[in-house]
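Remarks on the structure that follows.
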Amino acid sequence: MRRFLAESRAIAILERVSDTSPPRYEEPGIGLVLAGGAARGAYEVGVLEHLVEHVSHELGYDVPLDILSGTSVGAINVCVLAAFADEPRSRVARLAAVWTGLEMATILRPAARGMFDVARGLLGRGLTGLEAGALFDPTPLAETLERAIPFERIDTHIRAGRVRAVTVSATQVATGRPVVFVQRRRAYPDPWPTTHQTLPKSVRLRPVHALASSAVPLLFPAVPIDGRYYCDGGLRQNVPLSPARRLGARALIVVNPKYAPPAEALTADDHHGHETAPSPLSIIGKTLSALLLDRIDNELDRFEKVNEILEAGTRRFGDEFVNGLNTELGFHPTEGLQRIGIVHLRSSANIPQLAAEYVREPRFRVPGLLGRLMKRVADDETMRDADLLSYLLFDGEFAGRLIELGRVDARAHHVALCKLIDDTVGLRMRAK
């Protein structure tokens, strides 16, 4: 028992360091965590459609998405959900309409001096202006956010309790520190100490926060907020599990558009033989993938380790084990280690390959240099993946295909989703 307690104490310290100790909430809540991925974010909409339509239908009540946490394009998606929280089912249809109505030529407008400014920046020359150091003008994306999301409605729904909290993750450029913009009901305590590595900032969410979270380096410029510059939150926290957990989520639905190939595919690739030299565009795409999509596994493993310890202790020592352990570790009675249920949904298909196949189709037409460049990348037979294409393909028809892929993957997790939600909030929802 002493050794077990010592290991649990170490886990508890890790939990404090990792933002996983829960705050003081009376009722368990469902946290929805949406990852970044630029144009791949349409995949998340398909998962949400299955949740609000089929899971809600089977459970007999609307799935309560109490805590919404997003990074980059995931931050944009959660802001839409929060703004229309009084429309539990139709809000996802609104989100799907935005995605399927996108046009690349509208969203990706090359900055007037983008490539020139990037080159100057690499040479150490000073940059000025809204578009400095970016290939694309942020104005079209900002205008889309303004039209699609009535941010002031988030204030109303937070006050009414339809949503407990919404978080938008960004990266502070000067320090490289992850910053989480948090809007929550004022009756709740501060989500976590400001001395922690991840800095929480209480705000009223507005377009500037979503724009900052989605400002992919080189593609879009950093965004100033209160005198400091911020860029894509995926650089440090692409899948924001910890903010949702800190804000009271006892169960997490995690949606990540990253494709996880089977182990045999990875082994086969290692023995593929000699490769041709990668193109600069291929390297840029792979770099973005490494920065934005590759940090979730360790965090999920940590959650599972804590769950295993608590379940083993309860089996061995009884139902009072967890409370006794938290008392021994010095936690407040309403805080401490608790089991967190998780359903993690990942793309079952390689989205970069889907993007390349789509761009090669005759129907794909984007005028100008951008369209020609994307066609060339897609036609390059030496490029097995087209990561950069999948980030930039803000195209309504392609978004529709990713939405359908999200529906298919969510359907495969239907039983797990129903069980997670009903075990967590079923009693509360049926009592209403």
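Here, A, B, ... name the chains of the structure tokens in the order displayed, residue numbers run from 1 inside each chain, and ligands are numbered from 1 in the same displayed order.
Contact shell of Glu146 (chain A) at 12 Å (only C-alpha atoms; same-chain neighbours under 4 positions omitted): Ile76, Cys79, Val80, Ala83, Thr139, Pro140, Leu141, Ala142, Pro150, Phe151, Glu152, Arg206, Pro207, Val208, His209, Ala210 and Leu211 of chain A.
For the choices A:Arg360, A:Arg184, A:Arg162, A:Arg401, the atom-to-atom distance to Asp86 (chain A) is smallest for A:Arg162 when using only C-alpha atoms.
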Could you list, as a list in words, every residue within 8 Å of region 303-316 of chain A, counting only C-alpha atoms and ignoring same-chain residues fewer than 2 positions away?
Ser8, Ile11, Glu299, Leu300, Asp301, Gly318, Asp319, Glu320, Phe321, Val322, Leu337, Gln338, Arg339 and Ile340 of chain A
Smallest atom-to-atom distance to Ala35 (chain A): which of A:Ala249, A:Val359, A:Leu241, A:Leu370, using only C-alpha atoms?
A:Leu241
When you look at region 41-44 of chain A with a cut-off of 6 Å (counting only C-alpha atoms), what residues show up, excluding the ones that are within fewer than 2 positions of it in the same chain? I need them as a ChimeraX atom specification.
/A:37-39,46-47,73,399,402-403,406
Strand (DSSP E or B) per DSSP on the backbone: members of region 309-354 of chain A, as a count of residues only
7
When distances are computed from only C-alpha atoms, which of A:Ala222, A:Val415, A:Ala85, A:Leu205 shows the smallest separation from Asp137 (chain A)?
A:Ala222
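Going from CA of Gln172 (chain A) to CA of Leu199 (chain A) covers 9.7 Å.
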Asp232 (chain A) surroundings by only C-alpha atoms, 7 Å radius, close-in-sequence under 2 positions cut, as a CSV table (one decimal) with N, CA and C atoms, in the first residue's frame:
```
chain,number,residue,atom,x,y,z
A,72,SER,N,-7.1,26.4,-33.0
A,72,SER,CA,-7.0,26.7,-34.5
A,72,SER,C,-8.3,26.6,-35.1
A,170,ALA,N,-4.1,29.6,-28.0
A,170,ALA,CA,-3.2,30.2,-28.9
A,170,ALA,C,-1.8,30.1,-28.4
A,171,THR,N,-0.8,30.6,-29.2
A,171,THR,CA,0.6,30.6,-28.7
A,171,THR,C,1.0,32.0,-28.7
A,212,ALA,N,-6.6,34.6,-33.9
A,212,ALA,CA,-5.3,34.4,-33.4
A,212,ALA,C,-5.0,32.9,-33.3
A,213,SER,N,-5.9,32.1,-32.8
A,213,SER,CA,-5.8,30.7,-32.6
A,213,SER,C,-5.5,30.0,-33.9
A,214,SER,N,-6.0,30.5,-35.0
A,214,SER,CA,-5.9,29.9,-36.3
A,214,SER,C,-4.9,30.5,-37.2
A,215,ALA,N,-4.0,31.4,-36.7
A,215,ALA,CA,-3.0,32.0,-37.5
A,215,ALA,C,-1.8,31.1,-37.7
A,216,VAL,N,-1.9,30.2,-38.6
A,216,VAL,CA,-0.8,29.3,-38.9
A,216,VAL,C,0.4,30.0,-39.4
A,217,PRO,N,1.6,29.8,-38.7
A,217,PRO,CA,2.8,30.6,-39.1
A,217,PRO,C,3.1,30.5,-40.6
A,234,GLY,N,-2.0,25.5,-32.1
A,234,GLY,CA,-1.5,24.1,-32.3
A,234,GLY,C,0.0,23.9,-32.1
A,235,LEU,N,0.7,25.0,-32.1
A,235,LEU,CA,2.2,24.9,-32.0
A,235,LEU,C,2.5,24.3,-30.6
```
So which residues touch region 346-353 of chain A within 7 Å, counting only C-alpha atoms, skipping near sequence neighbours fewer than 6 positions away, as a PyMOL selection string?
chain A and resi 255-259+385-387+389-390+409
Output for the residues just chosen: N, CA, C and O atoms as a PDB file, in the first residue's frame:
```pdb
ATOM      1  N   VAL A 255     -11.922  14.993 -30.803  1.00  0.00           N
ATOM      2  CA  VAL A 255     -12.021  14.814 -32.252  1.00  0.00           C
ATOM      3  C   VAL A 255     -10.766  15.388 -32.893  1.00  0.00           C
ATOM      4  O   VAL A 255     -10.435  16.563 -32.713  1.00  0.00           O
ATOM      5  N   ASN A 256     -10.074  14.540 -33.637  1.00  0.00           N
ATOM      6  CA  ASN A 256      -8.773  14.894 -34.186  1.00  0.00           C
ATOM      7  C   ASN A 256      -8.707  14.417 -35.634  1.00  0.00           C
ATOM      8  O   ASN A 256      -8.821  13.222 -35.888  1.00  0.00           O
ATOM      9  N   PRO A 257      -8.519  15.317 -36.608  1.00  0.00           N
ATOM     10  CA  PRO A 257      -8.510  14.882 -38.011  1.00  0.00           C
ATOM     11  C   PRO A 257      -7.234  14.182 -38.441  1.00  0.00           C
ATOM     12  O   PRO A 257      -7.088  13.829 -39.614  1.00  0.00           O
ATOM     13  N   LYS A 258      -6.317  13.956 -37.516  1.00  0.00           N
ATOM     14  CA  LYS A 258      -5.083  13.273 -37.893  1.00  0.00           C
ATOM     15  C   LYS A 258      -5.351  11.798 -38.179  1.00  0.00           C
ATOM     16  O   LYS A 258      -6.030  11.116 -37.412  1.00  0.00           O
ATOM     17  N   TYR A 259      -4.778  11.302 -39.258  1.00  0.00           N
ATOM     18  CA  TYR A 259      -4.887   9.894 -39.628  1.00  0.00           C
ATOM     19  C   TYR A 259      -3.809   9.099 -38.902  1.00  0.00           C
ATOM     20  O   TYR A 259      -2.638   9.489 -38.885  1.00  0.00           O
ATOM     21  N   ASP A 385       2.368  11.771 -49.885  1.00  0.00           N
ATOM     22  CA  ASP A 385       1.385  12.510 -49.114  1.00  0.00           C
ATOM     23  C   ASP A 385       1.364  13.946 -49.601  1.00  0.00           C
ATOM     24  O   ASP A 385       2.341  14.438 -50.164  1.00  0.00           O
ATOM     25  N   ALA A 386       0.261  14.601 -49.381  1.00  0.00           N
ATOM     26  CA  ALA A 386       0.119  15.999 -49.794  1.00  0.00           C
ATOM     27  C   ALA A 386      -0.387  16.794 -48.603  1.00  0.00           C
ATOM     28  O   ALA A 386      -1.468  17.363 -48.624  1.00  0.00           O
ATOM     29  N   ASP A 387       0.425  16.831 -47.549  1.00  0.00           N
ATOM     30  CA  ASP A 387      -0.004  17.474 -46.305  1.00  0.00           C
ATOM     31  C   ASP A 387      -0.403  18.929 -46.520  1.00  0.00           C
ATOM     32  O   ASP A 387      -1.437  19.367 -46.016  1.00  0.00           O
ATOM     33  N   LEU A 389      -1.487  20.485 -49.131  1.00  0.00           N
ATOM     34  CA  LEU A 389      -2.777  20.615 -49.813  1.00  0.00           C
ATOM     35  C   LEU A 389      -3.933  20.482 -48.831  1.00  0.00           C
ATOM     36  O   LEU A 389      -4.905  21.225 -48.881  1.00  0.00           O
ATOM     37  N   SER A 390      -3.831  19.513 -47.934  1.00  0.00           N
ATOM     38  CA  SER A 390      -4.947  19.241 -47.031  1.00  0.00           C
ATOM     39  C   SER A 390      -5.171  20.377 -46.044  1.00  0.00           C
ATOM     40  O   SER A 390      -6.274  20.555 -45.539  1.00  0.00           O
ATOM     41  N   ASP A 409     -16.805   7.744 -39.302  1.00  0.00           N
ATOM     42  CA  ASP A 409     -15.970   7.398 -38.154  1.00  0.00           C
ATOM     43  C   ASP A 409     -16.745   7.489 -36.847  1.00  0.00           C
ATOM     44  O   ASP A 409     -16.553   6.669 -35.938  1.00  0.00           O
TER      45      ASP A 409
END
```
Every residue of region 355-411 of chain A that DSSP places in alpha helix (DSSP H), as a VMD selection string
chain A and resid 355 to 360 368 to 379 387 to 392 396 to 411
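Note that the spacing between CA of Gly371 (chain A) and CA of Arg94 (chain A) amounts to 28.0 Å.
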So that I can see what lies close to Thr424 (chain A), please list as a ChimeraX atom specification the residues with an atom at most 8 Å from it, counting only C-alpha atoms and leaving out residues fewer than 4 positions away in the same chain.
/A:28-30,250-251,420
Set out as a Markdown table a contact list for region 354-415 of chain A and region 101-110 of chain A with a cut-off of 8 Å, giving each residue of region 354-415 of chain A that qualifies its closest atom pair and distance in Å to one decimal, counting only C-alpha atoms, ordered by chain and rising residue number.
```
| residue | atom | partner | partner_atom | distance |
| --- | --- | --- | --- | --- |
| A:Val366 | CA | A:Ala105 | CA | 6.5 |
| A:Pro367 | CA | A:Ala105 | CA | 7.3 |
| A:Leu392 | CA | A:Leu108 | CA | 7.8 |
| A:Leu393 | CA | A:Met104 | CA | 6.7 |
| A:Phe394 | CA | A:Met104 | CA | 5.0 |
| A:Asp395 | CA | A:Glu103 | CA | 5.0 |
| A:Gly396 | CA | A:Leu102 | CA | 4.6 |
```
